[in-house]
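Student: For reference, the structure I am asking about is given below.
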Number of protein chains: 2
Amino acid sequence: MAKDPLPPLDAHWRAANYLAAGQIYLLSNPLLTEPLRPEHIKPRLLGHWGTSPGLNLVHTHLNRIVKERDQDTLCVWGPGHGGPAVLANSWLEGSYTEIYPDVTRDAEGMKRLFRQFSFPGGVPSHVAPETPGSIHEGGELGYSLAHAYGAAFDNPDLLVACVVGDGEAETGPLATSWHSGKFLDPVHDGAVLPVLHLNGYKIANPTLLSRIPEAELDALLRGYGHEPLHVSGDDPATVHRELAAAFDRAVDRITEIQHEARARSAGARGQRPAWPMVVLRTPKGWTGPKNVDGDPVEGTWRSHQVPLPGVRENPEHLRQLEEWLRSYRPEELFDADGRPTDEVLSCVPAGDRRLGATPHANGGLLTRALPLRPLEDFAVTVDKPGTAQHEPTKVLGTMLAKVMADTAERRDFRVMGADETESNRLGALYSATGKAWQARTLPTDEHLATDGRVMEVLSEHLCQGWLEGYLLTGRHGLFSSYEAFVHIVDSMVNQHIKWLKTSRALPWRAPVPSLNYLLTSHVWRQDHNGFSHQDPGFVDHVLNKSPEAVRVYLPPDANTLLSVAEHALLSRDYVNVIVAGKQPCFDWLNLDAARAHCARGAGVWDWAGTDDGLRDPDVVLAGAGDVPTQEVLAAGALLREHLPELAVRVVNVVDIARLMPREEHPHGMADFEYDALFTTDKPVIFAYHGYPWLIHRLAYRRTGHDHLHVRGYKEAGTTTTPFDMVVRNDLDRYRLVMDVIDRVPGLSVRATALRQEMADRRTRHHAWIREHGIDLPEVADWSWPY
Amino acid sequence: MAKDPLPPLDAHWRAANYLAAGQIYLLSNPLLTEPLRPEHIKPRLLGHWGTSPGLNLVHTHLNRIVKERDQDTLCVWGPGHGGPAVLANSWLEGSYTEIYPDVTRDAEGMKRLFRQFSFPGGVPSHVAPETPGSIHEGGELGYSLAHAYGAAFDNPDLLVACVVGDGEAETGPLATSWHSGKFLDPVHDGAVLPVLHLNGYKIANPTLLSRIPEAELDALLRGYGHEPLHVSGDDPATVHRELAAAFDRAVDRITEIQHEARARSAGARGQRPAWPMVVLRTPKGWTGPKNVDGDPVEGTWRSHQVPLPGVRENPEHLRQLEEWLRSYRPEELFDADGRPTDEVLSCVPAGDRRLGATPHANGGLLTRALPLRPLEDFAVTVDKPGTAQHEPTKVLGTMLAKVMADTAERRDFRVMGADETESNRLGALYSATGKAWQARTLPTDEHLATDGRVMEVLSEHLCQGWLEGYLLTGRHGLFSSYEAFVHIVDSMVNQHIKWLKTSRALPWRAPVPSLNYLLTSHVWRQDHNGFSHQDPGFVDHVLNKSPEAVRVYLPPDANTLLSVAEHALLSRDYVNVIVAGKQPCFDWLNLDAARAHCARGAGVWDWAGTDDGLRDPDVVLAGAGDVPTQEVLAAGALLREHLPELAVRVVNVVDIARLMPREEHPHGMADFEYDALFTTDKPVIFAYHGYPWLIHRLAYRRTGHDHLHVRGYKEAGTTTTPFDMVVRNDLDRYRLVMDVIDRVPGLSVRATALRQEMADRRTRHHAWIREHGIDLPEVADWSWPY
């Protein structure tokens with residue numbers, strides 16, 4: 001008769017629970033070799049116990065499945081604020097010690113493990129980049145399941161388990177993440193096994209999903225497209241048995257689904273499968289103190305953080321803690337040296353199969369550089385600046401399509417969009433791949449494919465979450481978004497930047513491909529959607545974050561966009577924000593010039609100015625962004641025509657962080673460079689794509705800052721024409737010429753007349769636009785005249 | 001035999017469809033009294049046709065229900081980008097002309113209605129503040145259902161219909177909004193009737209919910225807690241009949257649920273009802289062109305915007321447009337003067353019952369000032385600054401509890417929190433009301449109540465969306481959030497500020513109560529959650545937006561928080577952001593001083609400085625925020641002790657926009673005020689709560705800006721002690737003293753020694769914290785010594 005597999009599982013679970021509680025409480029006496037005294041207790045008790053026993057239970061049972069089936073597995077821990085649990089498991093399986101050799105797998109190491117937790121200079125209280133085996137911080141809730149799917153895409157042999165807390169399940173992003181199965185290809189993608197853990201409580205409240213009838217919950221999950229397997233209880237033996245059975249059934253069913261799909265002829269659509277999932281209902285803070293000071297704790301929200309808060313001062317709390325810790329019978333779980341016993345470790349897989357050691361959680365190890373063709377294959381020909389026009393993102397689309405085609409076998413590149421890929425002019429991608437879609441199709445549909453690598457869903461949260469999961473497991477991608485709506489994922493990019501900042505400082509974490517945003521359909525060209533679609537503030541948002549991980553580019557035309565995109569796609573560990581237009585826009589630079597300009601990040605456009613590139617200018621006209629650049633050049637042309645004696649220098653900035661001091665951002669210019677470009681004493685009229693004060697915030701330390709005058713978007717938005725938008729925001733060519741005249745001292749009477757003429761043209765514009773509803777021909781038909 | 005009610009409904013629908021298409025296309029010839037010619041067509045064709053026929057259909061049928069039942073009704077149009085539809089209906093029912101008398105209900109007015117749509121200087125293409133009857137912009141999708149629930153709370157007689165597009169339904173916020181029913185009290189709240197409109201397509205893709213089997217969709221909606229009524233078809237007569245029946249059944253069922261609940265004895269919990277909803281499946285762009293240039297258009301994504309794009313140039317498109325418009329038989333719908341016929345108007349309700357005229361959509365009309373008690377009832381006694389401590393948000397909680405108690409009958413005040421109300425120390429509220437909760441309860445639960453007016457759900461999106469709906473219908477509220485996680489709703493607050501900015505300029509829109517944020521559990525006191533919970537950037541985010549609608553306050557202690565909160569709760573049409581701590585914090589100002597200080601928004605704290613309030617200071621130490629203020633005062637005390645000859649002025653800033661130029665923000669100081677406070681030539685060491693460069697961005701135009709040196713949060717976050725956090729970010733008292741010494745010229749040797757002593761104390765801190773894990777006693781036990 002086979003040995004009962006459950007007692008060793010229970011031993012592992014108890015060991016993990018012991019270690020989790022120990023991290024929250026103990027400074028010393030880690031094995032309870034002596035009676036617990038106040039001085040063994042940490043002075044500040046921090047951490048989240050409530051979710052930890054559940055995470056330990058899932059980890060224990062995943063260990064079994066992984067080991068028995070030799071199944072390549074990654075786990076995303078949604079309730080990652082239960083950091084002690086995941087750390088405990090990593091220490092048990094040995095992956096922790098391999099990465100952090102100081103924290104040995106013995107009594108001394110256990111003591112360090114305990115002490116460092118939530119201790120200044122130690123490790124964070126959540127699952128974090130520091131945690132082996134993790135791609136997911138458990139602080140801001142909502143993204144675990146999207147991360148899990150991102151990890152599973154194009155990893156056909158990988159099982160991604162994902163614990164979803166019932167608190168997190170209330171968030172919007174998580175609520176829509178359940179639909180991700182409609183984008184998961186059983187042939188080319190791995191599987192996601194969600195474990196919805198209903199422990200019943202959040203910080204201070206019951207959870208919705210734990211308080212609706214099981215039939216209602218079951219309907220909800222089936223409605224999402226899943227086959228739920230329910231496991232409930234508070235008797236460990238029963239739960240062990242049922243959970244083991246549920247995991248077996250789930251993985252069997254996954255294997256079946258995959259075999260069936262992979263046996264079909266390529267491209268043939270089968271029935272969309274109902275993927276299995278587990279609903280695990282166990283008490284919050286299970287195995288912890290049942291009552292404290294007369295209040296029920298186990299099985300309630302009171303166990304969320306530190307169930308016994310007064311251990312150092314309150315002898316009864318100390319007694320309860322000792323009783324609680326000894327209830328796990330540590331003497332059976334660890335030998336005299338503090339090493340876990342063979343029984344405890346009997347469920348633990350080996351090598352890279354350990355959840356804390358999987359290379360998928362350190363995705364940079366698996367990254368291959370993208371095969372990029374020479375930009376010459378895609379660049380537009382520019383014989384003369386400002387005559388021909390292209391839609392920059394459309395040109396980029398041809399390049400992305402080639403990357404997509406060239407990764408057809410490798411399948412390590414995806415493009416995300418919230419139903420906007422075509423609108424953003426990246427439709428060329430469909431020559432190389434389809435749009436991922438597992439739901440029903442109709443004959444009128446276009447470009448839908450079960451194995452597509454363009455992801456389209458009307459949820460920026462899913463686009464972002466999927467992409468983060470995809471990148472952190474070592475693959476590449478780009479997210480194109482309407483500029484205004486990328487704010488929907490402000491908080492997600494915050495967390496991703498935090499992840500990158502921390503990871504960059506960990507030598508064992510290999511760099512991962514950057515998160516690349518293409519922000520288009522931007523503030524200046526929302527002709528038909530108006531004010532709700534006009535917001536350029538994402539740049540401000542990301543520039544507040546860790547400068548080592550943030551790059552922002554505003555390429556002014558098609559070739560500069562290509563050059564910037566190439567750089568972004570090859571880079572690692574950054575968030576690259578590229579703001580570029582999708583509407584026809586003049587080509588200013590040929591490819592060589594574009595490359596040189598982007599490499600410098602900011603530079604003089606000699607051909608557009610009248611300072612001969614040599615003599616000291618009277619004024620600097622600077623632009624950043626495609627629309628501002630056009631207005632700057634048009635203003636330059638007007639000045640050249642009407643005030644030829646004025647020495648105008650035209651500067652263009654692509655890499656906005658160049659404006660920052662060198663000490664504040666790795667791309668920041670040294671003062672001498674900045675001064676050489678912008679002068680220290682001449683007026684600088686800066687036409688910027690977004691909020692004008694951002695430029696001041698970046699450049700306030702520069703010597704010439706007092707002479708810097710910035711125009712940009714100032715919330716004067718509506719449904720209107722392109723030129724009316726710039727006029728409303730005082731960014732138009734006429735206003736820029738007036739700004740120059742207002743700021744350059746000692747100009748001639750001709751300048752006064754020109755200023756009046758510019759003001760008149762603005763008046764004429766106002767009258768014309770209200771009458772005709774389209775832009776003045778002099779503007780609509782303008783091109784660079786020199 | 002009763003007259004068949006369907007033909008007049010169809011006539012109304014056709015009229016609305018005609019008017020919607022007319023707005024997209026026609027400049028003139030509105031009644032097609034002559035053959036259509038290119039010059040009748042707008043030069044720029046903008047707008048969203050695809051969703052319009054569906055919105056028109058729902059509006060038509062709502063009209064019938066409202067009129068027949070005399071039912072107070074508000075409708076939230078989720079696919080509000082179909083602006084032409086809602087405008088058409090408002091014009092038909094006459095509410096449009098009442099607000100905009102120029103746009104008469106006749107041929108001339110119809111021409112204006114058409115011309116102004118998406119025309120420069122005209123009206124936006126979406127449902128917007130300019131649209132009568134609306135509380136919801138249809139641009140950024142995801143929030144319609146949350147808005148609808150917000151409108152329904154505490155409006156027991158109101159029916160809130162809500163059209164949810166199947167595109168929007170893919171977003172996270174919408175996906176979790178379906179759970180809102182678990183927070184809706186059938187006794188004290190009105191009803192929400194969701195109409196999930198499956199027209200099958202987004203901009204360029206099919207929608208998820210339209211491509212899963214109906215049984216799966218049905219399970220999903222039942223899992224969300226609804227009873228779905230399905231109506232499908234593309235034959236108008238059938239759909240009219242079925243939709244009318246479904247609306248009747250739904251409203252009957254709602255009435256039944258409400259009667260049953262309201263007949264129960266107060267507070268008794270019944271079975272949570274399955275609220276009815278309608279699933280309406282009709283073709284996208286229904287009744288529009290079936291095919292264009294050989295491609296199917298009706299019933300596909302191609303009808304999303306302008307189905308016939310080339311009307312002015314392409315005679316075939318022109319012909320198709322004329323055929324399409326004439327297919328509605330306008331001659332039967334409008335009389336010779338362009339007035340809608342009686343048949344068309346027969347379903348339209350009268351007066352305030354019209355959807356475009358409901359006062360609930362112009363909620364300021366219904367607003368009553370909150371009954372606030374004198375702050376004396378809640379203020380803390382301050383005999384001497386900086387000796388006693390209080391938790392500011394806990395003190396605020398006592399005030400909010402009174403507001404809650406004093407609105408027990410009126411029920412027009414709610415407090416929202418993402419499972420954080422207790423954590424944010426606002427637990428006193430539970431003395432006055434419970435937490436709204438209609439799901440199952442257990443004996444261990446606390447403070448749950450069917451009629452509670454504290455809303456707790458782990459979704460910032462729901463908190464924000466509910467509150468917006470509640471405020472825009474004229475009621476009051478506050479949203480308390482962990483500071484870092486309010487970024488989750490960045491894009492929602494963008495849209496709300498846009499709404500307020502536009503509304504403020506519309507004389508017919510009455511001011512609504514402000515949206516009040518209490519941001520706490522802030523960056524400096526995330527001892528146990530660490531880096532993921534540390535982000536002070538929301539202030540930067542909102543300060544980019546329309547200054548007329550944005551206010552930001554950083555009260556440094558309990559009494560200033562009370563004063564600021566009182567002001568916020570009484571204000572209208574603002575977004576008020578209040579950043580305040582929940583941890584014990586020194587009381588600095590008594591109530592009178594707090595009031596005076598908050599009224600000024602920024603001022604000198606004479607008692608804390610050594611410049612005698614008169615003589616010119618040598619240095620200004622400024623603080624904004626509770627933790628920075630404490631460090632500033634501690635630095636001031638160190639300087640007073642060790643460098644008594646130094647004239648230090650201590651300034652505190654509560655209202656951060658005071659720093660901005662007067663021209664940039666209504667609260668901005670005039671230069672003479674700023675100069676008087678901060679000097680024009682003395683060093684200013686400014687300790688700010690958030691990102692330091694924000695202060696530079698606000699103050700860069702000030703004369704003294706070159707002398708301004710700001711300390712703040714610079715992303716040096718982790719799980720650590722309070723004082724270690726300020727040290728890591730160079731905001732600590734020792735660093736501030738060093739900054740003073742570094743910047744004041746001509747100091748004595750004593751200053752050099754003091755600087756060294758400060759540096760030594762930082763070193764001592766570093767060693768101590770790593771050893772003991774708690775703050776140095778000299779810091780932990782510090783209080784204001786003078």
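Chain labels run A, B, ... following the order of the structure tokens; each chain numbers its residues from 1, and ligands are numbered from 1 in the order shown.
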Extract, using only C-alpha atoms, all DNA, RNA and protein residues at most 12 Å from Val604 of chain B, discarding same-chain residues fewer than 6 positions from it, and format them as a list in words.
Tutor: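 Once the adjacent positions are removed, what remains is Ala593, Ala596, His597, Cys598, Thr610, Asp611, Asp612, Gly613, Leu614, Pro617, Val620, Leu621, Ala622, Gly623, Val648, Arg649, Val650, Val651, Asn652, Val653, Val654, Glu673, Tyr674, Ala676, Leu677, Phe678 and Thr679 of chain B.
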Student: For C-alpha atoms, I'd like the residues from the last selection saved as a JSON list (two decimals), in the first residue's frame.
Tutor:
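Once everything was written out, this is selection.json:
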[["chain", "number", "residue", "atom", "x", "y", "z"],
["B", 593, "ALA", "CA", -4.76, 79.83, 15.37],
["B", 596, "ALA", "CA", -6.44, 81.82, 10.95],
["B", 597, "HIS", "CA", -3.54, 79.85, 9.55],
["B", 598, "CYS", "CA", -5.74, 77.84, 7.18],
["B", 610, "THR", "CA", 13.96, 83.17, 16.18],
["B", 611, "ASP", "CA", 13.48, 86.16, 13.94],
["B", 612, "ASP", "CA", 11.22, 87.84, 16.50],
["B", 613, "GLY", "CA", 8.57, 88.02, 13.82],
["B", 614, "LEU", "CA", 10.04, 91.37, 12.88],
["B", 617, "PRO", "CA", 15.52, 86.57, 9.00],
["B", 620, "VAL", "CA", 13.54, 80.72, 6.23],
["B", 621, "LEU", "CA", 12.66, 77.18, 7.28],
["B", 622, "ALA", "CA", 9.43, 76.27, 5.55],
["B", 623, "GLY", "CA", 7.35, 73.13, 5.89],
["B", 648, "VAL", "CA", 15.32, 81.75, 11.66],
["B", 649, "ARG", "CA", 11.85, 82.31, 10.30],
["B", 650, "VAL", "CA", 9.57, 79.31, 10.36],
["B", 651, "VAL", "CA", 6.89, 79.25, 7.68],
["B", 652, "ASN", "CA", 4.17, 76.70, 7.27],
["B", 653, "VAL", "CA", 2.17, 76.14, 4.10],
["B", 654, "VAL", "CA", -1.23, 74.47, 4.27],
["B", 673, "GLU", "CA", 2.86, 88.56, -0.32],
["B", 674, "TYR", "CA", 5.23, 85.81, -1.33],
["B", 676, "ALA", "CA", 7.07, 89.23, 2.44],
["B", 677, "LEU", "CA", 6.74, 85.65, 3.61],
["B", 678, "PHE", "CA", 9.78, 84.04, 2.05],
["B", 679, "THR", "CA", 12.00, 87.09, 1.44]]
Student: Do you have, as a Markdown table, the list of residues of chain B lying at most 6 Å from chain A, each with its nearest atom pair and that distance in Å to one decimal, counting only C-alpha atoms and ordered by chain then number?
Tutor:
| residue | atom | partner | partner_atom | distance |
| --- | --- | --- | --- | --- |
| B:Leu46 | CA | A:His528 | CA | 5.4 |
| B:Ser118 | CA | A:Thr719 | CA | 5.8 |
| B:Phe119 | CA | A:Gly773 | CA | 5.8 |
| B:Pro120 | CA | A:Thr720 | CA | 4.7 |
| B:Pro124 | CA | A:Thr719 | CA | 5.3 |
| B:Gly139 | CA | A:Ser532 | CA | 5.5 |
| B:Glu170 | CA | A:Leu458 | CA | 5.4 |
| B:Thr171 | CA | A:Ser459 | CA | 4.5 |
| B:Gly172 | CA | A:Gly172 | CA | 3.9 |
| B:Pro173 | CA | A:Gly172 | CA | 4.3 |
| B:Ala175 | CA | A:Thr176 | CA | 5.4 |
| B:Thr176 | CA | A:Gly172 | CA | 4.8 |
| B:Arg211 | CA | A:Arg440 | CA | 5.1 |
| B:Glu216 | CA | A:Gly223 | CA | 4.6 |
| B:Leu217 | CA | A:Gly223 | CA | 5.7 |
| B:Ala219 | CA | A:Gly223 | CA | 4.8 |
| B:Leu220 | CA | A:Gly223 | CA | 3.7 |
| B:Gly223 | CA | A:Leu220 | CA | 3.7 |
| B:Ala439 | CA | A:Arg211 | CA | 5.8 |
| B:Arg440 | CA | A:Arg211 | CA | 5.1 |
| B:Leu458 | CA | A:Glu170 | CA | 5.4 |
| B:Ser459 | CA | A:Thr171 | CA | 4.5 |
| B:His487 | CA | A:Ser491 | CA | 5.1 |
| B:Ile488 | CA | A:Ser491 | CA | 5.1 |
| B:Ser491 | CA | A:His487 | CA | 5.1 |
| B:His528 | CA | A:Leu46 | CA | 5.4 |
| B:Ser532 | CA | A:Gly139 | CA | 5.5 |
| B:Arg697 | CA | A:Arg697 | CA | 4.8 |
| B:Thr719 | CA | A:Pro124 | CA | 5.3 |
| B:Thr720 | CA | A:Pro120 | CA | 4.7 |
| B:Gly773 | CA | A:Pro120 | CA | 5.7 |
Student: Tell me which of A:Met738, A:Ala657, A:Val187, A:Val58 sits closest to Leu638 of chain A, counting only C-alpha atoms.
Tutor: A:Met738
Student: As a PyMOL selection string, please: every residue in segment 94-204 of chain B that DSSP puts in alpha helix (DSSP H).
Tutor: chain B and resi 95-99+107-116+144-152+172-177
Student: Write out the residues from the selection above, keeping N, CA and C atoms, as an mmCIF file, in the first residue's frame.
Tutor:
data_model
loop_
_atom_site.group_PDB
_atom_site.id
_atom_site.type_symbol
_atom_site.label_atom_id
_atom_site.label_comp_id
_atom_site.auth_asym_id
_atom_site.auth_seq_id
_atom_site.Cartn_x
_atom_site.Cartn_y
_atom_site.Cartn_z
ATOM 1 N N SER B 95 -36.212 69.744 -23.968
ATOM 2 C CA SER B 95 -35.339 70.208 -22.889
ATOM 3 C C SER B 95 -34.137 70.955 -23.449
ATOM 4 N N TYR B 96 -33.711 70.584 -24.642
ATOM 5 C CA TYR B 96 -32.544 71.261 -25.216
ATOM 6 C C TYR B 96 -32.836 72.733 -25.465
ATOM 7 N N THR B 97 -33.977 72.993 -26.070
ATOM 8 C CA THR B 97 -34.321 74.373 -26.409
ATOM 9 C C THR B 97 -34.540 75.217 -25.155
ATOM 10 N N GLU B 98 -35.020 74.582 -24.086
ATOM 11 C CA GLU B 98 -35.218 75.347 -22.853
ATOM 12 C C GLU B 98 -33.887 75.855 -22.311
ATOM 13 N N ILE B 99 -32.858 75.056 -22.467
ATOM 14 C CA ILE B 99 -31.549 75.468 -21.957
ATOM 15 C C ILE B 99 -30.803 76.323 -22.972
ATOM 16 N N ALA B 107 -37.238 73.936 -37.887
ATOM 17 C CA ALA B 107 -36.243 73.683 -38.930
ATOM 18 C C ALA B 107 -34.975 74.494 -38.704
ATOM 19 N N GLU B 108 -35.126 75.739 -38.325
ATOM 20 C CA GLU B 108 -33.958 76.583 -38.098
ATOM 21 C C GLU B 108 -33.126 76.021 -36.934
ATOM 22 N N GLY B 109 -33.820 75.633 -35.875
ATOM 23 C CA GLY B 109 -33.120 75.061 -34.730
ATOM 24 C C GLY B 109 -32.480 73.723 -35.066
ATOM 25 N N MET B 110 -33.168 72.958 -35.892
ATOM 26 C CA MET B 110 -32.594 71.682 -36.301
ATOM 27 C C MET B 110 -31.297 71.913 -37.074
ATOM 28 N N LYS B 111 -31.318 72.911 -37.902
ATOM 29 C CA LYS B 111 -30.110 73.242 -38.662
ATOM 30 C C LYS B 111 -28.974 73.614 -37.701
ATOM 31 N N ARG B 112 -29.305 74.408 -36.690
ATOM 32 C CA ARG B 112 -28.275 74.767 -35.702
ATOM 33 C C ARG B 112 -27.794 73.539 -34.923
ATOM 34 N N LEU B 113 -28.741 72.714 -34.550
ATOM 35 C CA LEU B 113 -28.389 71.482 -33.839
ATOM 36 C C LEU B 113 -27.378 70.666 -34.643
ATOM 37 N N PHE B 114 -27.659 70.576 -35.941
ATOM 38 C CA PHE B 114 -26.770 69.798 -36.815
ATOM 39 C C PHE B 114 -25.407 70.479 -36.944
ATOM 40 N N ARG B 115 -25.448 71.761 -37.236
ATOM 41 C CA ARG B 115 -24.225 72.476 -37.540
ATOM 42 C C ARG B 115 -23.269 72.510 -36.344
ATOM 43 N N GLN B 116 -23.814 72.769 -35.171
ATOM 44 C CA GLN B 116 -22.966 72.980 -33.988
ATOM 45 C C GLN B 116 -22.252 71.707 -33.536
ATOM 46 N N SER B 144 -19.717 54.116 -16.034
ATOM 47 C CA SER B 144 -21.139 54.434 -16.116
ATOM 48 C C SER B 144 -21.933 53.776 -14.990
ATOM 49 N N LEU B 145 -21.675 52.512 -14.755
ATOM 50 C CA LEU B 145 -22.503 51.795 -13.791
ATOM 51 C C LEU B 145 -22.217 52.272 -12.369
ATOM 52 N N ALA B 146 -20.971 52.574 -12.077
ATOM 53 C CA ALA B 146 -20.657 53.125 -10.756
ATOM 54 C C ALA B 146 -21.332 54.489 -10.583
ATOM 55 N N HIS B 147 -21.308 55.295 -11.623
ATOM 56 C CA HIS B 147 -22.012 56.584 -11.554
ATOM 57 C C HIS B 147 -23.504 56.372 -11.297
ATOM 58 N N ALA B 148 -24.065 55.395 -11.974
ATOM 59 C CA ALA B 148 -25.494 55.144 -11.820
ATOM 60 C C ALA B 148 -25.820 54.761 -10.374
ATOM 61 N N TYR B 149 -25.011 53.889 -9.800
ATOM 62 C CA TYR B 149 -25.265 53.508 -8.403
ATOM 63 C C TYR B 149 -25.092 54.705 -7.476
ATOM 64 N N GLY B 150 -24.066 55.499 -7.732
ATOM 65 C CA GLY B 150 -23.873 56.696 -6.911
ATOM 66 C C GLY B 150 -25.099 57.594 -6.948
ATOM 67 N N ALA B 151 -25.703 57.715 -8.126
ATOM 68 C CA ALA B 151 -26.899 58.548 -8.258
ATOM 69 C C ALA B 151 -28.080 57.928 -7.515
ATOM 70 N N ALA B 152 -28.134 56.618 -7.473
ATOM 71 C CA ALA B 152 -29.284 55.937 -6.872
ATOM 72 C C ALA B 152 -29.230 55.912 -5.342
ATOM 73 N N GLY B 172 -11.910 47.057 -16.408
ATOM 74 C CA GLY B 172 -11.911 46.583 -15.038
ATOM 75 C C GLY B 172 -12.957 47.266 -14.171
ATOM 76 N N PRO B 173 -12.969 48.607 -14.168
ATOM 77 C CA PRO B 173 -13.935 49.270 -13.289
ATOM 78 C C PRO B 173 -15.366 48.824 -13.561
ATOM 79 N N LEU B 174 -15.713 48.653 -14.836
ATOM 80 C CA LEU B 174 -17.084 48.229 -15.116
ATOM 81 C C LEU B 174 -17.301 46.785 -14.661
ATOM 82 N N ALA B 175 -16.276 45.967 -14.859
ATOM 83 C CA ALA B 175 -16.426 44.552 -14.506
ATOM 84 C C ALA B 175 -16.712 44.371 -13.028
ATOM 85 N N THR B 176 -16.155 45.239 -12.200
ATOM 86 C CA THR B 176 -16.458 45.087 -10.765
ATOM 87 C C THR B 176 -17.687 45.880 -10.363
ATOM 88 N N SER B 177 -18.106 46.828 -11.204
ATOM 89 C CA SER B 177 -19.287 47.641 -10.860
ATOM 90 C C SER B 177 -20.548 46.801 -10.761
#
Student: I need the residue nearest Pro194 of chain B from this list: B:Leu633, B:Leu159, B:Ile741, B:Ala568. Use only C-alpha atoms for the distance.
Tutor: B:Leu159
Student: Which of segment 377-469 of chain A end up as strand (DSSP E or B) when DSSP is run on this backbone - answer as an MDAnalysis selection string?
Tutor: chainID A and resid 389:390 413:417 435:436 448:449 454:456
Student: Find, counting only C-alpha atoms, the residue in B:Gly190, B:Gly603, B:Pro661, B:Gly200 that gets nearest to Val251 of chain B.
Tutor: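 Once distances to Val251 of chain B are computed over only C-alpha atoms, the minimum belongs to B:Gly190.
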Student: In Å to one decimal, how far is atom CA of Gly22 of chain A from atom CA of Glu323 of chain A?
Tutor: 12.7 Å
Student: Quick one: everything within 10 Å of Gly54 of chain A, counting only C-alpha atoms, minus sequence neighbours fewer than 4 positions away in the same chain. Send it as a PyMOL selection string.
Tutor: chain A and resi 13+17+49-50+58-60+79+82+85+163+165+197-199+280-286
Student: Rounded to one decimal, what separation in Å do you get between atom CA of Arg733 of chain A and atom CA of Ala634 of chain A?
Tutor: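 Separation between atom CA of Arg733 of chain A and atom CA of Ala634 of chain A: 5.8 Å.
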Student: If we count only C-alpha atoms and set the cut-off at 7 Å, which residues sit around Arg551 of chain A, ignoring sequence neighbours fewer than 3 positions away in its own chain? Please answer as a PyMOL selection string.
Tutor: chain A and resi 574-577
Student: Take the residues from that selection and put them in a file with N, CA and C atoms, as a short mmCIF file (atom, residue, chain, number, x, y, z; two decimals), in the first residue's frame.
Tutor:
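Result file follows (result16.cif):
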data_model
loop_
_atom_site.label_atom_id
_atom_site.label_comp_id
_atom_site.auth_asym_id
_atom_site.auth_seq_id
_atom_site.Cartn_x
_atom_site.Cartn_y
_atom_site.Cartn_z
N TYR A 574 13.98 49.45 -18.29
CA TYR A 574 13.43 50.80 -18.30
C TYR A 574 11.93 50.76 -18.50
N VAL A 575 11.30 51.87 -18.16
CA VAL A 575 10.01 52.21 -18.73
C VAL A 575 10.30 53.30 -19.75
N ASN A 576 10.07 53.00 -21.01
CA ASN A 576 10.26 53.97 -22.09
C ASN A 576 8.92 54.52 -22.52
N VAL A 577 8.76 55.82 -22.41
CA VAL A 577 7.52 56.46 -22.86
C VAL A 577 7.82 57.21 -24.15
#
Student: I want to know what sits within 7 Å of segment 330-342 of chain A, based on only C-alpha atoms, with residues of the same chain fewer than 3 positions away left out; could you give that as a ChimeraX atom specification?
Tutor: /A:11,15,31,92,105-107,326,345-346
Student: Please indicate the distance in Å from atom CA of Ala510 of chain A to atom CA of Leu365 of chain A, rounded to one decimal place.
Tutor: 5.7 Å
Student: Near Tyr688 of chain A, within 7 Å and counting only C-alpha atoms, which residues show up once chain neighbours fewer than 6 positions away are dropped, as a PyMOL selection string?
Tutor: chain A and resi 623-625+628+710-712
Student: So that I can see what lies close to Thr763 of chain A, please list as a PyMOL selection string the residues with an atom at most 12 Å from it, counting only C-alpha atoms and leaving out residues fewer than 2 positions away in the same chain.
Tutor: chain A and resi 724+727-728+734-735+756-761+765-770+776
